[in-house]
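One file, work_9.pdb, is given below (PDB, C-alpha atoms, pLDDT in the B column).
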MODEL        1
ATOM      1  CA  MET T   1      96.929 209.892 125.471  1.00 71.00           C
ATOM      2  CA  ASP T   2      96.079 213.097 127.298  1.00 83.00           C
ATOM      3  CA  GLN T   3      98.618 214.327 129.822  1.00 92.00           C
ATOM      4  CA  LEU T   4      97.275 213.409 133.241  1.00 94.00           C
ATOM      5  CA  SER T   5      98.049 214.694 136.684  1.00 95.00           C
ATOM      6  CA  PRO T   6     100.047 212.512 139.071  1.00 94.00           C
ATOM      7  CA  GLU T   7      96.833 211.990 141.065  1.00 96.00           C
ATOM      8  CA  ALA T   8      94.944 210.796 137.993  1.00 95.00           C
ATOM      9  CA  LEU T   9      97.787 208.452 137.042  1.00 94.00           C
ATOM     10  CA  GLU T  10      97.754 207.023 140.569  1.00 95.00           C
ATOM     11  CA  ALA T  11      93.976 206.457 140.384  1.00 94.00           C
ATOM     12  CA  ILE T  12      94.325 204.683 137.021  1.00 92.00           C
ATOM     13  CA  ALA T  13      97.169 202.531 138.361  1.00 94.00           C
ATOM     14  CA  ASP T  14      94.994 201.582 141.345  1.00 95.00           C
ATOM     15  CA  GLN T  15      92.225 200.415 138.992  1.00 93.00           C
ATOM     16  CA  PHE T  16      94.695 198.288 137.021  1.00 93.00           C
ATOM     17  CA  LYS T  17      96.012 196.820 140.283  1.00 95.00           C
ATOM     18  CA  VAL T  18      92.506 195.601 141.114  1.00 94.00           C
ATOM     19  CA  LEU T  19      92.244 194.062 137.640  1.00 93.00           C
ATOM     20  CA  SER T  20      95.685 192.423 137.880  1.00 93.00           C
ATOM     21  CA  SER T  21      94.354 189.336 139.663  1.00 95.00           C
ATOM     22  CA  PRO T  22      93.393 186.312 137.516  1.00 94.00           C
ATOM     23  CA  THR T  23      90.915 185.374 140.259  1.00 96.00           C
ATOM     24  CA  ARG T  24      89.149 188.725 140.056  1.00 96.00           C
ATOM     25  CA  LEU T  25      89.152 188.573 136.249  1.00 94.00           C
ATOM     26  CA  ALA T  26      87.586 185.099 136.374  1.00 94.00           C
ATOM     27  CA  LEU T  27      84.847 186.393 138.668  1.00 96.00           C
ATOM     28  CA  LEU T  28      84.265 189.424 136.451  1.00 94.00           C
ATOM     29  CA  GLN T  29      84.067 187.217 133.388  1.00 92.00           C
ATOM     30  CA  HIS T  30      81.067 185.412 134.884  1.00 95.00           C
ATOM     31  CA  ILE T  31      79.478 188.595 136.241  1.00 95.00           C
ATOM     32  CA  CYS T  32      79.705 190.155 132.768  1.00 92.00           C
ATOM     33  CA  GLU T  33      77.364 187.389 131.577  1.00 92.00           C
ATOM     34  CA  GLY T  34      74.732 188.518 134.078  1.00 93.00           C
ATOM     35  CA  GLU T  35      73.995 189.018 137.741  1.00 96.00           C
ATOM     36  CA  ARG T  36      75.436 186.233 139.914  1.00 97.00           C
ATOM     37  CA  THR T  37      75.170 185.123 143.517  1.00 96.00           C
ATOM     38  CA  VAL T  38      78.243 184.267 145.543  1.00 94.00           C
ATOM     39  CA  SER T  39      77.129 180.623 145.491  1.00 94.00           C
ATOM     40  CA  GLU T  40      76.899 180.635 141.692  1.00 96.00           C
ATOM     41  CA  LEU T  41      80.366 182.166 141.399  1.00 97.00           C
ATOM     42  CA  ILE T  42      81.792 179.513 143.729  1.00 97.00           C
ATOM     43  CA  ILE T  43      80.328 176.770 141.536  1.00 97.00           C
ATOM     44  CA  LEU T  44      81.380 178.418 138.264  1.00 97.00           C
ATOM     45  CA  THR T  45      84.959 179.096 139.333  1.00 96.00           C
ATOM     46  CA  GLY T  46      85.691 176.353 141.848  1.00 97.00           C
ATOM     47  CA  PHE T  47      87.145 178.949 144.222  1.00 97.00           C
ATOM     48  CA  LYS T  48      86.571 178.794 147.975  1.00 97.00           C
ATOM     49  CA  GLN T  49      83.808 180.957 149.460  1.00 95.00           C
ATOM     50  CA  ALA T  50      86.177 183.099 151.534  1.00 96.00           C
ATOM     51  CA  ASN T  51      88.348 183.751 148.477  1.00 96.00           C
ATOM     52  CA  VAL T  52      85.354 184.704 146.307  1.00 97.00           C
ATOM     53  CA  SER T  53      83.951 187.017 148.982  1.00 95.00           C
ATOM     54  CA  ARG T  54      87.298 188.744 149.526  1.00 97.00           C
ATOM     55  CA  HIS T  55      87.814 189.385 145.808  1.00 97.00           C
ATOM     56  CA  LEU T  56      84.219 190.534 145.285  1.00 97.00           C
ATOM     57  CA  SER T  57      84.651 192.997 148.137  1.00 96.00           C
ATOM     58  CA  LEU T  58      87.694 194.495 146.391  1.00 96.00           C
ATOM     59  CA  LEU T  59      85.833 194.679 143.074  1.00 96.00           C
ATOM     60  CA  ASP T  60      82.907 196.367 144.814  1.00 96.00           C
ATOM     61  CA  ARG T  61      85.111 198.948 146.549  1.00 95.00           C
ATOM     62  CA  ALA T  62      86.844 199.692 143.233  1.00 95.00           C
ATOM     63  CA  GLY T  63      83.479 200.308 141.551  1.00 95.00           C
ATOM     64  CA  PHE T  64      83.651 197.438 139.055  1.00 95.00           C
ATOM     65  CA  VAL T  65      80.650 195.589 140.521  1.00 97.00           C
ATOM     66  CA  ARG T  66      77.736 196.428 142.768  1.00 96.00           C
ATOM     67  CA  ARG T  67      76.127 194.171 145.313  1.00 95.00           C
ATOM     68  CA  ARG T  68      72.480 193.681 146.093  1.00 93.00           C
ATOM     69  CA  VAL T  69      70.961 191.683 148.937  1.00 93.00           C
ATOM     70  CA  ASP T  70      67.628 189.964 148.351  1.00 92.00           C
ATOM     71  CA  ALA T  71      66.046 187.290 150.542  1.00 90.00           C
ATOM     72  CA  GLY T  72      69.343 186.478 152.226  1.00 88.00           C
ATOM     73  CA  HIS T  73      71.277 186.122 148.965  1.00 89.00           C
ATOM     74  CA  VAL T  74      73.952 188.547 147.834  1.00 91.00           C
ATOM     75  CA  TYR T  75      73.915 189.272 144.111  1.00 95.00           C
ATOM     76  CA  TYR T  76      76.693 190.918 142.137  1.00 97.00           C
ATOM     77  CA  GLU T  77      76.299 192.714 138.843  1.00 96.00           C
ATOM     78  CA  LEU T  78      78.598 194.699 136.635  1.00 95.00           C
ATOM     79  CA  GLN T  79      78.697 198.360 137.617  1.00 95.00           C
ATOM     80  CA  ASP T  80      81.326 199.545 135.130  1.00 91.00           C
ATOM     81  CA  PRO T  81      80.005 198.943 131.595  1.00 90.00           C
ATOM     82  CA  SER T  82      83.396 199.785 130.050  1.00 91.00           C
ATOM     83  CA  LEU T  83      85.003 196.681 131.544  1.00 90.00           C
ATOM     84  CA  PRO T  84      84.083 194.180 128.770  1.00 89.00           C
ATOM     85  CA  THR T  85      85.393 196.632 126.169  1.00 90.00           C
ATOM     86  CA  LEU T  86      88.637 197.109 128.092  1.00 90.00           C
ATOM     87  CA  CYS T  87      89.148 193.342 128.377  1.00 86.00           C
ATOM     88  CA  SER T  88      88.400 192.903 124.680  1.00 88.00           C
ATOM     89  CA  ILE T  89      90.970 195.563 123.737  1.00 90.00           C
ATOM     90  CA  ILE T  90      93.631 193.900 125.895  1.00 88.00           C
ATOM     91  CA  ARG T  91      92.802 190.471 124.449  1.00 86.00           C
ATOM     92  CA  GLU T  92      93.053 191.768 120.868  1.00 88.00           C
ATOM     93  CA  SER T  93      96.397 193.344 121.703  1.00 87.00           C
ATOM     94  CA  LEU T  94      97.679 190.040 123.115  1.00 86.00           C
ATOM     95  CA  VAL T  95      96.482 188.116 120.050  1.00 85.00           C
ATOM     96  CA  ALA T  96      98.220 190.604 117.739  1.00 85.00           C
ATOM     97  CA  LYS T  97     101.392 190.463 119.817  1.00 85.00           C
ATOM     98  CA  GLN T  98     101.342 186.653 119.756  1.00 83.00           C
ATOM     99  CA  GLY T  99     100.832 186.767 115.988  1.00 79.00           C
ATOM    100  CA  ARG T 100     103.934 188.937 115.606  1.00 77.00           C
ATOM    101  CA  ILE T 101     105.924 186.576 117.832  1.00 77.00           C
ATOM    102  CA  ASN T 102     104.739 183.571 115.833  1.00 76.00           C
ATOM    103  CA  ALA T 103     105.592 185.304 112.548  1.00 75.00           C
ATOM    104  CA  THR T 104     109.063 186.123 113.840  1.00 76.00           C
ATOM    105  CA  LEU T 105     109.574 182.527 114.936  1.00 69.00           C
ATOM    106  CA  ASP T 106     108.363 181.248 111.549  1.00 68.00           C
ATOM    107  CA  LEU T 107     110.802 183.561 109.750  1.00 60.00           C
ATOM    108  CA  THR T 108     113.608 182.479 112.064  1.00 55.00           C
ATOM    109  CA  ASP T 109     112.828 178.818 111.388  1.00 54.00           C
ATOM    110  CA  VAL T 110     112.820 179.436 107.621  1.00 47.00           C
ATOM    111  CA  ALA T 111     116.077 181.414 107.788  1.00 47.00           C
ATOM    112  CA  GLY T 112     117.640 178.738 109.994  1.00 49.00           C
ATOM    113  CA  GLY T 113     116.569 176.055 107.530  1.00 46.00           C
ATOM    114  CA  LEU T 114     118.029 177.979 104.610  1.00 43.00           C
ATOM    115  CA  ALA T 115     121.324 178.451 106.422  1.00 45.00           C
ATOM    116  CA  GLU T 116     121.554 174.702 107.003  1.00 48.00           C
ATOM    117  CA  ALA T 117     120.835 173.857 103.338  1.00 44.00           C
TER     118      ALA T 117
ENDMDL
END
Written as structure tokens, that's how I'd like the structure from this file.
Amino acid sequence: MDQLSPEALEAIADQFKVLSSPTRLALLQHICEGERTVSELIILTGFKQANVSRHLSLLDRAGFVRRRVDAGHVYYELQDPSLPTLCSIIRESLVAKQGRINATLDLTDVAGGLAEA
């Protein structure tokens, strides 16, 4: 990784803070599939309207989504096209990490079984 200034590190940390909410990630997951209204996101997630609006506002201010008003409806679409790739990288890392944990547990179980024999 390139050496970054303290200001750049702070800006990156702020972006990760916005993404640290499972609620915001759930909303983003649906927005990544295509433009969504607040009403659609409420139905898809089961979250309350005030909660959805508050989280969408944070995502908008952080530059992850953009909002558009048309005929009294507010639509949200993905503004940052790197977001699905970032989420995919993190997911792959978690799967690999879980695989290593499972392999370690399997080896421990085998070693434990051999010790008992």
Taking the file above as input, evaluate the PyMOL selection byres ((chain T and resi 24-30) around 12) and report the hits as JSON, numbers by chain. {"T": [16, 17, 18, 19, 20, 21, 22, 23, 31, 32, 33, 34, 35, 36, 37, 38, 39, 40, 41, 42, 43, 44, 45, 46, 47, 51, 52, 53, 54, 55, 56, 57, 58, 59, 60, 62, 64, 65, 66, 76, 77, 78, 79, 80, 81, 83, 84, 85, 86, 87, 88]}
Quick one: pull the distance between atom CA of T:Val74 and atom CA of T:Gln49, Å, one decimal. 12.5 Å
Could you jot down the atom CA of T:Ala103 to atom CA of T:Arg91 separation for me, Å, one decimal place? 18.2 Å
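What separates atom CA of T:Ile89 from atom CA of T:Arg68 is a distance of 29.1 Å.
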Return as AutoDock Vina command-line options the centre and edge lengths, in Å with one decimal, of the box along x, y and z that encloses every atom of stretch 5-24 of chain T in the file, padded by 8 Å per side.
--center_x 94.6 --center_y 200.0 --center_z 139.0 --size_x 26.9 --size_y 45.3 --size_z 20.7
